[in-house]
Amino acid sequence: MPVHLLAIESSCDDTAAAVLTDGQVRSNCVASQEIHRLYGGVVPEVASRAHQSNLLPVVEAALQQAGISKHDLNAIAFTRGPGLLGSLLVGTAFAKAFALAQNIPLIEVDHMDAHVMALFAEPPFPSFPFLCLTVSGGHTQIIRVTDPLEMERIGYTLDDAAGEAFDKAGKMLGLPYPAGPHIDRLAREGTPRFSLPEPSIEGLNFSFSGLKTAILYFLRKETSANPAFIEENLADICASIQHSIVTILLKKLKRAAKETGIRQIGIAGGVSANSGLRTELERLGKKEGWKTFIPKFQYCTDNAAMIGLVAHQKYLLGQFASQSVAPYASGQSR
Ligand code: KG4
Ligand code: ZN
């Protein structure tokens with residue numbers, strides 16, 4: 001009998017639902033909350049309310065696209081954390097009620113584990129053990145993955161995440177939120193001719209707050225000499241910022257590969273949609289003799305297919321959650 005799973009994701013500002021059959025993605029629907037652009041960042045209370053109104057239509061779309069009735073489902077999976085507590089609560093409450101109503105098991109999934117498992121949405125798949133650079137709006141981590149459900153964090157950011165660095169730099173440039181995709185697009189037409197400082201952090205950890213301050217001071221200095229500096233040099237500034245972030249990320253990834261001896265290397269999370277990072281990873285991979293894995297765009301940014309991919313593994317092992325399960329926000333432990 002095939003195993004049909006419904007997965008939902010509501011940790012931040014995307015309301016997403018997906019259907020998987022035997023671990024294969026049948027549908028992957030996302031409703032992005034455009035309203036946050038008005039505020040230049042995600043407003044938690046606004047996000048929770050938008051999840052409430054988006055969730056049911058997104059779930060219905062995912063079931064319809066997969067051609068699956070809710071009565072065919074074997075389990076429902078949801079993101080337990082980390083993320084915004086209010087947003088997570090909407091998904092958690094929905095999943096619990098759905099599990100009760102359909103009398104099917106409930107499966108809780110960690111959002112960051114799920115970003116890594118997005119590498120298994122479509123072949124070719126990495127073999128174990130592999131390293132994954134998980135780069136999102138809230139996290140920057142190097143993960144050593146020994147099994148679909150066994151992940152060890154061997155490097156992480158001491159302050160800002162890579163996505164946050166893109167978004168904050170973009171804000172200084174007057175770009176809309178989230179700025180990562182805008183910087184990516186503009187960088188394609190520019191040259192990285194402005195040099196920005198590299199942090200000197202030991203080991204496999206990252207730091208992006210120094211870069212953020214350096215960008216602020218650089219822009220202040222240049223715009224006081226020429227108020228039109230940003231406008232006149234936008235593409236080159238974006239190319240320089242992107243080059244700097246990508247260099248920092250890949251330097252640590254190269255170090256992690258050397259230290260662990262692992263040559264199967266993947267990237268995941270919203271920032272893995274960045275064209276500079278994707279191109280440079282492939283270039284570095286060829287030079288270093290790595291086998292590299294990059295998810296398709298729709299599996300990089302927040303989506304529910306990745307939640308379903310972890311859930312499928314848990315389903316096979318009978319790892320179900322109870323009705324008393326509570327979400328955990330960013331910074332809280334599981
Ligand atoms: O994984 P994600 O969708 O949500 C979180 O879990 O945080 O990541 C969102 C982050 C944002 O900071 C956004 O600016 C960044 O991913 N991002 C990008 C690109 N697409 C999304 N950053 C750089 N280049 C992109 N093309
Ligand atoms: Zn994410």
# chains A, B, ... in the order shown; residues from 1 in each chain; ligands from 1

call {"tool": "residues_near_ligand", "arguments": {"ligand": "ligand 2", "cutoff": "6 Å", "atoms": "only C-alpha atoms and all ligand atoms", "output": "PDB file with C-alpha atoms, in the first residue's frame"}}
result
ATOM      1  CA  SER A 136      18.391  30.815   5.379  1.00  0.00           C
ATOM      2  CA  GLY A 269      17.795  27.049   2.533  1.00  0.00           C
ATOM      3  CA  ASP A 302      10.505  27.682   2.610  1.00  0.00           C
TER       4      ASP A 302
END

call {"tool": "residues_near_ligand", "arguments": {"ligand": "ligand 1", "cutoff": "6 Å", "atoms": "only C-alpha atoms and all ligand atoms", "output": "PDB file with C-alpha atoms, in the first residue's frame"}}
result
ATOM      1  CA  SER A 136      18.391  30.815   5.379  1.00  0.00           C
ATOM      2  CA  GLY A 137      16.978  34.060   6.737  1.00  0.00           C
ATOM      3  CA  GLY A 138      17.468  32.932  10.332  1.00  0.00           C
ATOM      4  CA  GLY A 163      20.038  35.706   4.529  1.00  0.00           C
ATOM      5  CA  GLU A 164      19.817  38.390   7.188  1.00  0.00           C
ATOM      6  CA  PHE A 166      21.525  40.056   2.364  1.00  0.00           C
ATOM      7  CA  ASP A 167      18.274  41.514   3.716  1.00  0.00           C
ATOM      8  CA  PRO A 178      13.344  40.267   1.321  1.00  0.00           C
ATOM      9  CA  ALA A 179      16.314  41.807  -0.447  1.00  0.00           C
ATOM     10  CA  GLY A 180      18.277  38.601  -1.196  1.00  0.00           C
ATOM     11  CA  PRO A 181      16.633  37.933  -4.592  1.00  0.00           C
ATOM     12  CA  ASP A 184      21.077  38.497  -6.696  1.00  0.00           C
ATOM     13  CA  GLY A 269      17.795  27.049   2.533  1.00  0.00           C
ATOM     14  CA  GLY A 270      16.596  30.316   1.002  1.00  0.00           C
ATOM     15  CA  VAL A 271      20.088  31.672   0.273  1.00  0.00           C
ATOM     16  CA  ALA A 273      18.675  30.036  -4.369  1.00  0.00           C
ATOM     17  CA  ASN A 274      21.420  32.653  -4.878  1.00  0.00           C
ATOM     18  CA  THR A 301      13.092  28.737   0.040  1.00  0.00           C
ATOM     19  CA  ASP A 302      10.505  27.682   2.610  1.00  0.00           C
TER      20      ASP A 302
END

call {"tool": "residues_around", "arguments": {"residues": "A:Glu9", "least_positions_apart": "2", "cutoff": "7 Å", "atoms": "only C-alpha atoms", "output": "list in words"}}
result
Ala7, Ser11, Thr15, Ala16, Ala17, Phe78, Thr79, Gly91, Asn303, Ala304 and Ile307 of chain A

call {"tool": "write_last_selection", "arguments": {"atoms": "N, CA and C atoms", "output": "compact mmCIF listing (two decimals), in the first residue's frame"}}
result
# COMPACT_ATOMS: atom_id res chain seq x y z
N ALA A 7 1.90 17.44 4.26
CA ALA A 7 2.85 18.19 5.10
C ALA A 7 2.50 19.66 5.04
N SER A 11 6.34 28.31 9.46
CA SER A 11 7.24 28.82 10.50
C SER A 11 7.51 30.31 10.41
N THR A 15 3.01 30.29 3.80
CA THR A 15 2.09 29.23 4.20
C THR A 15 2.19 28.17 3.11
N ALA A 16 2.61 26.96 3.48
CA ALA A 16 2.86 25.96 2.45
C ALA A 16 2.27 24.61 2.81
N ALA A 17 1.88 23.86 1.78
CA ALA A 17 1.37 22.49 1.97
C ALA A 17 1.86 21.64 0.81
N PHE A 78 3.85 18.46 10.29
CA PHE A 78 3.88 19.93 10.44
C PHE A 78 5.24 20.36 10.96
N THR A 79 5.56 21.64 10.74
CA THR A 79 6.80 22.22 11.27
C THR A 79 6.59 22.57 12.73
N GLY A 91 0.00 26.40 12.42
CA GLY A 91 0.24 25.12 11.74
C GLY A 91 0.07 23.93 12.67
N ASN A 303 9.25 25.72 2.04
CA ASN A 303 8.25 24.92 1.32
C ASN A 303 7.84 23.75 2.20
N ALA A 304 6.75 23.08 1.83
CA ALA A 304 6.27 21.98 2.67
C ALA A 304 6.76 20.62 2.17
N ILE A 307 9.31 19.35 4.42
CA ILE A 307 8.74 18.87 5.69
C ILE A 307 8.27 17.42 5.48

call {"tool": "atom_distance", "arguments": {"atom1": "atom CA of A:Gln141", "atom2": "atom CA of A:Ile262"}}
result
16.0 Å

call {"tool": "residues_around", "arguments": {"residues": "A:Thr146", "least_positions_apart": "4", "cutoff": "6 Å", "atoms": "only C-alpha atoms", "output": "list of chain:residue names"}}
result
A:Phe128, A:Pro129, A:Glu150

call {"tool": "select_by_dssp", "arguments": {"residues": "stretch 228-296 of chain A", "states": "strand (DSSP E)", "output": "PyMOL selection string"}}
result
chain A and resi 264-268+291-293

call {"tool": "write_last_selection", "arguments": {"atoms": "N, CA and C atoms", "output": "compact mmCIF listing (two decimals), in the first residue's frame"}}
result
# COMPACT_ATOMS: atom_id res chain seq x y z
N GLN A 264 30.98 14.79 -0.50
CA GLN A 264 29.60 14.94 -1.00
C GLN A 264 29.08 16.20 -0.32
N ILE A 265 28.83 17.24 -1.11
CA ILE A 265 28.52 18.54 -0.50
C ILE A 265 27.25 19.13 -1.09
N GLY A 266 26.31 19.50 -0.20
CA GLY A 266 25.06 20.12 -0.67
C GLY A 266 24.88 21.51 -0.06
N ILE A 267 23.98 22.27 -0.67
CA ILE A 267 23.56 23.54 -0.05
C ILE A 267 22.04 23.51 0.02
N ALA A 268 21.48 24.25 0.99
CA ALA A 268 20.03 24.27 1.17
C ALA A 268 19.61 25.55 1.87
N LYS A 291 31.44 16.08 -5.09
CA LYS A 291 30.18 15.89 -5.79
C LYS A 291 29.21 16.88 -5.15
N THR A 292 28.67 17.82 -5.93
CA THR A 292 27.84 18.87 -5.32
C THR A 292 26.36 18.66 -5.63
N PHE A 293 25.53 19.10 -4.69
CA PHE A 293 24.07 18.92 -4.79
C PHE A 293 23.38 20.24 -4.46

call {"tool": "closest_residue", "arguments": {"among": "A:Gln24, A:Thr279, A:Gln242, A:Ser32", "to": "A:Phe194", "atoms": "only C-alpha atoms"}}
result
A:Gln242

call {"tool": "atom_distance", "arguments": {"atom1": "atom CA of A:Gln313", "atom2": "atom CA of A:Thr21"}}
result
12.0 Å

call {"tool": "select_by_dssp", "arguments": {"residues": "stretch 252-327 of chain A", "states": "alpha helix (DSSP H)", "output": "mmCIF file with all heavy atoms, in the first residue's frame"}}
result
data_model
loop_
_atom_site.group_PDB
_atom_site.id
_atom_site.type_symbol
_atom_site.label_atom_id
_atom_site.label_comp_id
_atom_site.auth_asym_id
_atom_site.auth_seq_id
_atom_site.Cartn_x
_atom_site.Cartn_y
_atom_site.Cartn_z
ATOM 1 N N LYS A 252 34.421 28.536 4.585
ATOM 2 C CA LYS A 252 34.175 27.637 5.719
ATOM 3 C C LYS A 252 33.748 26.246 5.241
ATOM 4 O O LYS A 252 34.103 25.234 5.845
ATOM 5 C CB LYS A 252 33.095 28.231 6.630
ATOM 6 C CG LYS A 252 33.504 29.519 7.306
ATOM 7 C CD LYS A 252 34.585 29.305 8.352
ATOM 8 C CE LYS A 252 34.931 30.631 9.029
ATOM 9 N NZ LYS A 252 35.790 30.513 10.190
ATOM 10 N N LEU A 253 33.013 26.220 4.162
ATOM 11 C CA LEU A 253 32.570 24.922 3.636
ATOM 12 C C LEU A 253 33.785 24.115 3.169
ATOM 13 O O LEU A 253 33.872 22.904 3.406
ATOM 14 C CB LEU A 253 31.587 25.160 2.474
ATOM 15 C CG LEU A 253 30.801 23.960 1.985
ATOM 16 C CD1 LEU A 253 30.022 23.297 3.113
ATOM 17 C CD2 LEU A 253 29.805 24.377 0.885
ATOM 18 N N LYS A 254 34.723 24.805 2.545
ATOM 19 C CA LYS A 254 35.945 24.150 2.072
ATOM 20 C C LYS A 254 36.732 23.600 3.271
ATOM 21 O O LYS A 254 37.238 22.478 3.239
ATOM 22 C CB LYS A 254 36.779 25.192 1.317
ATOM 23 C CG LYS A 254 37.979 24.621 0.606
ATOM 24 C CD LYS A 254 38.612 25.691 -0.255
ATOM 25 C CE LYS A 254 40.051 25.331 -0.585
ATOM 26 N NZ LYS A 254 40.733 26.424 -1.271
ATOM 27 N N ARG A 255 36.769 24.394 4.324
ATOM 28 C CA ARG A 255 37.473 23.972 5.529
ATOM 29 C C ARG A 255 36.791 22.738 6.151
ATOM 30 O O ARG A 255 37.457 21.799 6.596
ATOM 31 C CB ARG A 255 37.488 25.140 6.529
ATOM 32 C CG ARG A 255 38.296 24.859 7.725
ATOM 33 C CD ARG A 255 38.376 26.058 8.639
ATOM 34 N NE ARG A 255 39.159 25.659 9.787
ATOM 35 C CZ ARG A 255 39.995 26.438 10.415
ATOM 36 N NH1 ARG A 255 40.152 27.676 10.019
ATOM 37 N NH2 ARG A 255 40.662 26.004 11.456
ATOM 38 N N ALA A 256 35.441 22.772 6.170
ATOM 39 C CA ALA A 256 34.682 21.651 6.745
ATOM 40 C C ALA A 256 34.939 20.369 5.945
ATOM 41 O O ALA A 256 35.080 19.280 6.516
ATOM 42 C CB ALA A 256 33.198 21.975 6.758
ATOM 43 N N ALA A 257 35.000 20.506 4.617
ATOM 44 C CA ALA A 257 35.248 19.337 3.768
ATOM 45 C C ALA A 257 36.635 18.771 4.055
ATOM 46 O O ALA A 257 36.835 17.559 4.142
ATOM 47 C CB ALA A 257 35.122 19.730 2.301
ATOM 48 N N LYS A 258 37.582 19.653 4.241
ATOM 49 C CA LYS A 258 38.960 19.226 4.512
ATOM 50 C C LYS A 258 39.025 18.521 5.868
ATOM 51 O O LYS A 258 39.579 17.439 5.997
ATOM 52 C CB LYS A 258 39.857 20.470 4.496
ATOM 53 C CG LYS A 258 41.313 20.132 4.288
ATOM 54 C CD LYS A 258 42.126 21.372 4.008
ATOM 55 C CE LYS A 258 42.539 21.444 2.554
ATOM 56 N NZ LYS A 258 43.160 22.716 2.198
ATOM 57 N N GLU A 259 38.401 19.125 6.885
ATOM 58 C CA GLU A 259 38.470 18.568 8.244
ATOM 59 C C GLU A 259 37.752 17.237 8.375
ATOM 60 O O GLU A 259 38.170 16.371 9.128
ATOM 61 C CB GLU A 259 37.885 19.567 9.254
ATOM 62 C CG GLU A 259 38.858 20.679 9.567
ATOM 63 C CD GLU A 259 38.356 21.645 10.629
ATOM 64 O OE1 GLU A 259 37.372 21.329 11.332
ATOM 65 O OE2 GLU A 259 38.955 22.728 10.734
ATOM 66 N N THR A 260 36.642 17.068 7.667
ATOM 67 C CA THR A 260 35.859 15.829 7.813
ATOM 68 C C THR A 260 36.236 14.790 6.760
ATOM 69 O O THR A 260 35.883 13.616 6.899
ATOM 70 C CB THR A 260 34.340 16.114 7.656
ATOM 71 O OG1 THR A 260 34.129 16.717 6.368
ATOM 72 C CG2 THR A 260 33.812 17.034 8.728
ATOM 73 N N SER A 275 22.197 32.842 -7.168
ATOM 74 C CA SER A 275 22.896 32.348 -8.364
ATOM 75 C C SER A 275 24.415 32.405 -8.199
ATOM 76 O O SER A 275 25.126 31.526 -8.689
ATOM 77 C CB SER A 275 22.449 33.100 -9.609
ATOM 78 O OG SER A 275 22.659 34.471 -9.437
ATOM 79 N N GLY A 276 24.898 33.414 -7.461
ATOM 80 C CA GLY A 276 26.350 33.512 -7.225
ATOM 81 C C GLY A 276 26.835 32.326 -6.400
ATOM 82 O O GLY A 276 27.866 31.710 -6.716
ATOM 83 N N LEU A 277 26.093 31.981 -5.360
ATOM 84 C CA LEU A 277 26.480 30.857 -4.504
ATOM 85 C C LEU A 277 26.425 29.546 -5.283
ATOM 86 O O LEU A 277 27.322 28.704 -5.189
ATOM 87 C CB LEU A 277 25.571 30.795 -3.260
ATOM 88 C CG LEU A 277 25.836 29.640 -2.299
ATOM 89 C CD1 LEU A 277 27.257 29.685 -1.731
ATOM 90 C CD2 LEU A 277 24.836 29.638 -1.135
ATOM 91 N N ARG A 278 25.391 29.375 -6.093
ATOM 92 C CA ARG A 278 25.227 28.138 -6.868
ATOM 93 C C ARG A 278 26.384 27.971 -7.856
ATOM 94 O O ARG A 278 26.984 26.890 -7.955
ATOM 95 C CB ARG A 278 23.871 28.155 -7.610
ATOM 96 C CG ARG A 278 22.695 28.129 -6.651
ATOM 97 C CD ARG A 278 21.396 28.485 -7.341
ATOM 98 N NE ARG A 278 20.714 27.358 -7.949
ATOM 99 C CZ ARG A 278 19.755 26.644 -7.385
ATOM 100 N NH1 ARG A 278 19.368 26.916 -6.156
ATOM 101 N NH2 ARG A 278 19.174 25.652 -8.024
ATOM 102 N N THR A 279 26.718 29.043 -8.570
ATOM 103 C CA THR A 279 27.783 28.967 -9.564
ATOM 104 C C THR A 279 29.138 28.728 -8.900
ATOM 105 O O THR A 279 29.924 27.882 -9.336
ATOM 106 C CB THR A 279 27.859 30.301 -10.361
ATOM 107 O OG1 THR A 279 26.555 30.626 -10.770
ATOM 108 C CG2 THR A 279 28.774 30.217 -11.541
ATOM 109 N N GLU A 280 29.376 29.475 -7.826
ATOM 110 C CA GLU A 280 30.681 29.354 -7.154
ATOM 111 C C GLU A 280 30.847 27.990 -6.481
ATOM 112 O O GLU A 280 31.951 27.456 -6.420
ATOM 113 C CB GLU A 280 30.857 30.482 -6.127
ATOM 114 C CG GLU A 280 31.140 31.823 -6.766
ATOM 115 C CD GLU A 280 32.372 31.814 -7.679
ATOM 116 O OE1 GLU A 280 33.451 31.399 -7.230
ATOM 117 O OE2 GLU A 280 32.247 32.195 -8.855
ATOM 118 N N LEU A 281 29.744 27.430 -5.964
ATOM 119 C CA LEU A 281 29.837 26.097 -5.346
ATOM 120 C C LEU A 281 30.221 25.066 -6.407
ATOM 121 O O LEU A 281 31.078 24.205 -6.173
ATOM 122 C CB LEU A 281 28.519 25.690 -4.686
ATOM 123 C CG LEU A 281 28.546 24.253 -4.135
ATOM 124 C CD1 LEU A 281 29.347 24.181 -2.833
ATOM 125 C CD2 LEU A 281 27.150 23.689 -3.900
ATOM 126 N N GLU A 282 29.616 25.177 -7.563
ATOM 127 C CA GLU A 282 29.930 24.215 -8.630
ATOM 128 C C GLU A 282 31.374 24.357 -9.089
ATOM 129 O O GLU A 282 32.058 23.373 -9.320
ATOM 130 C CB GLU A 282 28.958 24.396 -9.789
ATOM 131 C CG GLU A 282 27.587 23.871 -9.397
ATOM 132 C CD GLU A 282 26.655 23.652 -10.551
ATOM 133 O OE1 GLU A 282 26.830 24.297 -11.594
ATOM 134 O OE2 GLU A 282 25.729 22.839 -10.375
ATOM 135 N N ARG A 283 31.826 25.602 -9.178
ATOM 136 C CA ARG A 283 33.204 25.860 -9.609
ATOM 137 C C ARG A 283 34.189 25.292 -8.572
ATOM 138 O O ARG A 283 35.117 24.558 -8.910
ATOM 139 C CB ARG A 283 33.405 27.366 -9.765
ATOM 140 C CG ARG A 283 34.595 27.768 -10.617
ATOM 141 C CD ARG A 283 34.843 29.262 -10.549
ATOM 142 N NE ARG A 283 34.960 29.758 -9.183
ATOM 143 C CZ ARG A 283 36.028 29.599 -8.408
ATOM 144 N NH1 ARG A 283 37.098 29.007 -8.883
ATOM 145 N NH2 ARG A 283 36.041 30.041 -7.170
ATOM 146 N N LEU A 284 33.917 25.588 -7.307
ATOM 147 C CA LEU A 284 34.792 25.104 -6.240
ATOM 148 C C LEU A 284 34.751 23.571 -6.165
ATOM 149 O O LEU A 284 35.783 22.919 -5.973
ATOM 150 C CB LEU A 284 34.360 25.718 -4.904
ATOM 151 C CG LEU A 284 35.176 25.344 -3.671
ATOM 152 C CD1 LEU A 284 36.601 25.871 -3.775
ATOM 153 C CD2 LEU A 284 34.527 25.903 -2.391
ATOM 154 N N GLY A 285 33.552 23.028 -6.328
ATOM 155 C CA GLY A 285 33.381 21.581 -6.279
ATOM 156 C C GLY A 285 34.223 20.869 -7.334
ATOM 157 O O GLY A 285 34.852 19.838 -7.058
ATOM 158 N N LYS A 286 34.244 21.440 -8.515
ATOM 159 C CA LYS A 286 35.046 20.835 -9.611
ATOM 160 C C LYS A 286 36.521 20.868 -9.252
ATOM 161 O O LYS A 286 37.245 19.884 -9.431
ATOM 162 C CB LYS A 286 34.824 21.640 -10.904
ATOM 163 C CG LYS A 286 33.645 21.140 -11.685
ATOM 164 C CD LYS A 286 33.685 21.566 -13.153
ATOM 165 C CE LYS A 286 32.348 21.226 -13.793
ATOM 166 N NZ LYS A 286 31.531 22.414 -14.046
ATOM 167 N N LYS A 287 36.927 22.009 -8.698
ATOM 168 C CA LYS A 287 38.345 22.201 -8.353
ATOM 169 C C LYS A 287 38.752 21.233 -7.227
ATOM 170 O O LYS A 287 39.846 20.655 -7.246
ATOM 171 C CB LYS A 287 38.534 23.657 -7.907
ATOM 172 C CG LYS A 287 39.967 24.089 -7.841
ATOM 173 C CD LYS A 287 40.083 25.598 -7.654
ATOM 174 C CE LYS A 287 41.214 25.883 -6.708
ATOM 175 N NZ LYS A 287 40.848 26.743 -5.609
ATOM 176 N N GLU A 288 37.859 21.040 -6.257
ATOM 177 C CA GLU A 288 38.187 20.231 -5.083
ATOM 178 C C GLU A 288 37.858 18.751 -5.253
ATOM 179 O O GLU A 288 38.116 17.958 -4.357
ATOM 180 C CB GLU A 288 37.408 20.760 -3.861
ATOM 181 C CG GLU A 288 37.757 22.173 -3.449
ATOM 182 C CD GLU A 288 39.154 22.300 -2.863
ATOM 183 O OE1 GLU A 288 39.529 21.444 -2.044
ATOM 184 O OE2 GLU A 288 39.872 23.248 -3.233
ATOM 185 N N ALA A 305 7.244 20.550 0.919
ATOM 186 C CA ALA A 305 7.754 19.272 0.418
ATOM 187 C C ALA A 305 8.903 18.790 1.305
ATOM 188 O O ALA A 305 8.996 17.616 1.648
ATOM 189 C CB ALA A 305 8.227 19.430 -1.026
ATOM 190 N N MET A 306 9.749 19.742 1.719
ATOM 191 C CA MET A 306 10.899 19.366 2.568
ATOM 192 C C MET A 306 10.420 18.828 3.929
ATOM 193 O O MET A 306 11.046 17.940 4.498
ATOM 194 C CB MET A 306 11.856 20.553 2.722
ATOM 195 C CG MET A 306 11.297 21.731 3.493
ATOM 196 S SD MET A 306 12.506 23.095 3.564
ATOM 197 C CE MET A 306 11.783 24.119 4.864
ATOM 198 N N ILE A 307 9.309 19.349 4.416
ATOM 199 C CA ILE A 307 8.744 18.868 5.693
ATOM 200 C C ILE A 307 8.274 17.417 5.483
ATOM 201 O O ILE A 307 8.514 16.533 6.308
ATOM 202 C CB ILE A 307 7.558 19.766 6.152
ATOM 203 C CG1 ILE A 307 7.982 21.242 6.243
ATOM 204 C CG2 ILE A 307 6.944 19.270 7.465
ATOM 205 C CD1 ILE A 307 9.093 21.557 7.217
ATOM 206 N N GLY A 308 7.653 17.194 4.338
ATOM 207 C CA GLY A 308 7.165 15.849 4.012
ATOM 208 C C GLY A 308 8.306 14.847 3.845
ATOM 209 O O GLY A 308 8.144 13.669 4.176
ATOM 210 N N LEU A 309 9.440 15.303 3.344
ATOM 211 C CA LEU A 309 10.570 14.394 3.133
ATOM 212 C C LEU A 309 11.129 13.869 4.465
ATOM 213 O O LEU A 309 11.481 12.694 4.572
ATOM 214 C CB LEU A 309 11.668 15.090 2.314
ATOM 215 C CG LEU A 309 11.295 15.241 0.831
ATOM 216 C CD1 LEU A 309 12.109 16.327 0.160
ATOM 217 C CD2 LEU A 309 11.466 13.914 0.091
ATOM 218 N N VAL A 310 11.178 14.740 5.475
ATOM 219 C CA VAL A 310 11.602 14.275 6.804
ATOM 220 C C VAL A 310 10.506 13.384 7.380
ATOM 221 O O VAL A 310 10.763 12.311 7.941
ATOM 222 C CB VAL A 310 11.876 15.463 7.766
ATOM 223 C CG1 VAL A 310 12.213 14.947 9.165
ATOM 224 C CG2 VAL A 310 12.990 16.351 7.245
ATOM 225 N N ALA A 311 9.259 13.840 7.217
ATOM 226 C CA ALA A 311 8.120 13.113 7.794
ATOM 227 C C ALA A 311 8.034 11.687 7.253
ATOM 228 O O ALA A 311 7.706 10.752 7.997
ATOM 229 C CB ALA A 311 6.824 13.868 7.504
ATOM 230 N N HIS A 312 8.353 11.517 5.977
ATOM 231 C CA HIS A 312 8.284 10.173 5.399
ATOM 232 C C HIS A 312 9.249 9.220 6.131
ATOM 233 O O HIS A 312 8.895 8.078 6.434
ATOM 234 C CB HIS A 312 8.607 10.227 3.901
ATOM 235 C CG HIS A 312 8.496 8.896 3.242
ATOM 236 N ND1 HIS A 312 7.278 8.283 3.018
ATOM 237 C CD2 HIS A 312 9.442 8.026 2.800
ATOM 238 C CE1 HIS A 312 7.485 7.104 2.469
ATOM 239 N NE2 HIS A 312 8.790 6.927 2.313
ATOM 240 N N GLN A 313 10.442 9.730 6.419
ATOM 241 C CA GLN A 313 11.426 8.908 7.150
ATOM 242 C C GLN A 313 10.897 8.567 8.545
ATOM 243 O O GLN A 313 11.044 7.443 9.018
ATOM 244 C CB GLN A 313 12.759 9.666 7.287
ATOM 245 C CG GLN A 313 13.410 10.009 5.960
ATOM 246 C CD GLN A 313 13.854 8.777 5.194
ATOM 247 O OE1 GLN A 313 14.226 7.764 5.791
ATOM 248 N NE2 GLN A 313 13.802 8.840 3.870
ATOM 249 N N LYS A 314 10.288 9.538 9.196
ATOM 250 C CA LYS A 314 9.751 9.309 10.544
ATOM 251 C C LYS A 314 8.572 8.326 10.492
ATOM 252 O O LYS A 314 8.398 7.501 11.379
ATOM 253 C CB LYS A 314 9.316 10.629 11.180
ATOM 254 C CG LYS A 314 10.482 11.535 11.543
ATOM 255 C CD LYS A 314 10.020 12.651 12.467
ATOM 256 C CE LYS A 314 11.211 13.298 13.147
ATOM 257 N NZ LYS A 314 10.803 14.259 14.171
ATOM 258 N N TYR A 315 7.776 8.439 9.435
ATOM 259 C CA TYR A 315 6.623 7.550 9.270
ATOM 260 C C TYR A 315 7.098 6.094 9.191
ATOM 261 O O TYR A 315 6.548 5.205 9.847
ATOM 262 C CB TYR A 315 5.829 7.914 8.007
ATOM 263 C CG TYR A 315 4.590 7.069 7.836
ATOM 264 C CD1 TYR A 315 3.380 7.455 8.401
ATOM 265 C CD2 TYR A 315 4.635 5.859 7.135
ATOM 266 C CE1 TYR A 315 2.246 6.664 8.273
ATOM 267 C CE2 TYR A 315 3.514 5.058 7.003
ATOM 268 C CZ TYR A 315 2.319 5.465 7.579
ATOM 269 O OH TYR A 315 1.204 4.680 7.461
ATOM 270 N N LEU A 316 8.164 5.876 8.398
ATOM 271 C CA LEU A 316 8.673 4.517 8.222
ATOM 272 C C LEU A 316 9.159 3.924 9.542
ATOM 273 O O LEU A 316 9.103 2.719 9.756
ATOM 274 C CB LEU A 316 9.819 4.504 7.195
ATOM 275 C CG LEU A 316 9.442 4.925 5.762
ATOM 276 C CD1 LEU A 316 10.658 4.918 4.859
ATOM 277 C CD2 LEU A 316 8.339 4.008 5.196
ATOM 278 N N LEU A 317 9.634 4.814 10.444
ATOM 279 C CA LEU A 317 10.133 4.347 11.744
ATOM 280 C C LEU A 317 9.066 4.411 12.836
ATOM 281 O O LEU A 317 9.324 4.104 13.997
ATOM 282 C CB LEU A 317 11.340 5.190 12.174
ATOM 283 C CG LEU A 317 12.587 5.092 11.284
ATOM 284 C CD1 LEU A 317 13.627 6.116 11.701
ATOM 285 C CD2 LEU A 317 13.179 3.683 11.350
#

call {"tool": "residues_around", "arguments": {"residues": "A:Asn205", "least_positions_apart": "6", "cutoff": "6 Å", "atoms": "only C-alpha atoms", "output": "list of chain:residue names"}}
result
A:Gly155, A:Tyr156, A:Thr157

call {"tool": "residues_around", "arguments": {"residues": "A:Gly83", "least_positions_apart": "2", "cutoff": "12 Å", "atoms": "only C-alpha atoms", "output": "NGL selection string"}}
result
:A and (9-14 or 42 or 44 or 47-48 or 79-81 or 85-91 or 110-112 or 136-139 or 302 or 327-334)

call {"tool": "closest_residue", "arguments": {"among": "A:Glu108, A:Gln64, A:Leu219, A:Glu34", "to": "A:Lys96", "atoms": "only C-alpha atoms"}}
result
A:Glu108

call {"tool": "closest_residue", "arguments": {"among": "A:Asp22, A:Asp113, A:Glu231, A:Glu202", "to": "A:Leu73", "atoms": "only C-alpha atoms"}}
result
A:Asp22

call {"tool": "closest_residue", "arguments": {"among": "A:Ile248, A:Pro192, A:Pro199, A:Ser209", "to": "A:Asn233", "atoms": "only C-alpha atoms"}}
result
A:Pro192

call {"tool": "decode", "arguments": {"residues": "stretch 124-128 of chain A", "atoms": "N, CA, C and O atoms", "output": "JSON list (two decimals), in the first residue's frame"}}
result
[["chain", "number", "residue", "atom", "x", "y", "z"],
["A", 124, "PRO", "N", 19.72, 13.90, -8.72],
["A", 124, "PRO", "CA", 20.53, 12.94, -7.99],
["A", 124, "PRO", "C", 20.61, 13.26, -6.49],
["A", 124, "PRO", "O", 20.62, 14.42, -6.12],
["A", 125, "PHE", "N", 20.62, 12.21, -5.68],
["A", 125, "PHE", "CA", 20.67, 12.38, -4.23],
["A", 125, "PHE", "C", 22.11, 12.20, -3.72],
["A", 125, "PHE", "O", 22.85, 11.36, -4.25],
["A", 126, "PRO", "N", 22.46, 12.95, -2.67],
["A", 126, "PRO", "CA", 23.78, 12.70, -2.06],
["A", 126, "PRO", "C", 23.78, 11.36, -1.33],
["A", 126, "PRO", "O", 22.72, 10.88, -0.92],
["A", 127, "SER", "N", 24.96, 10.76, -1.18],
["A", 127, "SER", "CA", 25.02, 9.55, -0.36],
["A", 127, "SER", "C", 25.60, 9.93, 1.00],
["A", 127, "SER", "O", 26.27, 10.96, 1.13],
["A", 128, "PHE", "N", 25.33, 9.12, 2.00],
["A", 128, "PHE", "CA", 25.73, 9.44, 3.37],
["A", 128, "PHE", "C", 27.15, 8.94, 3.64],
["A", 128, "PHE", "O", 27.51, 7.89, 3.12]]
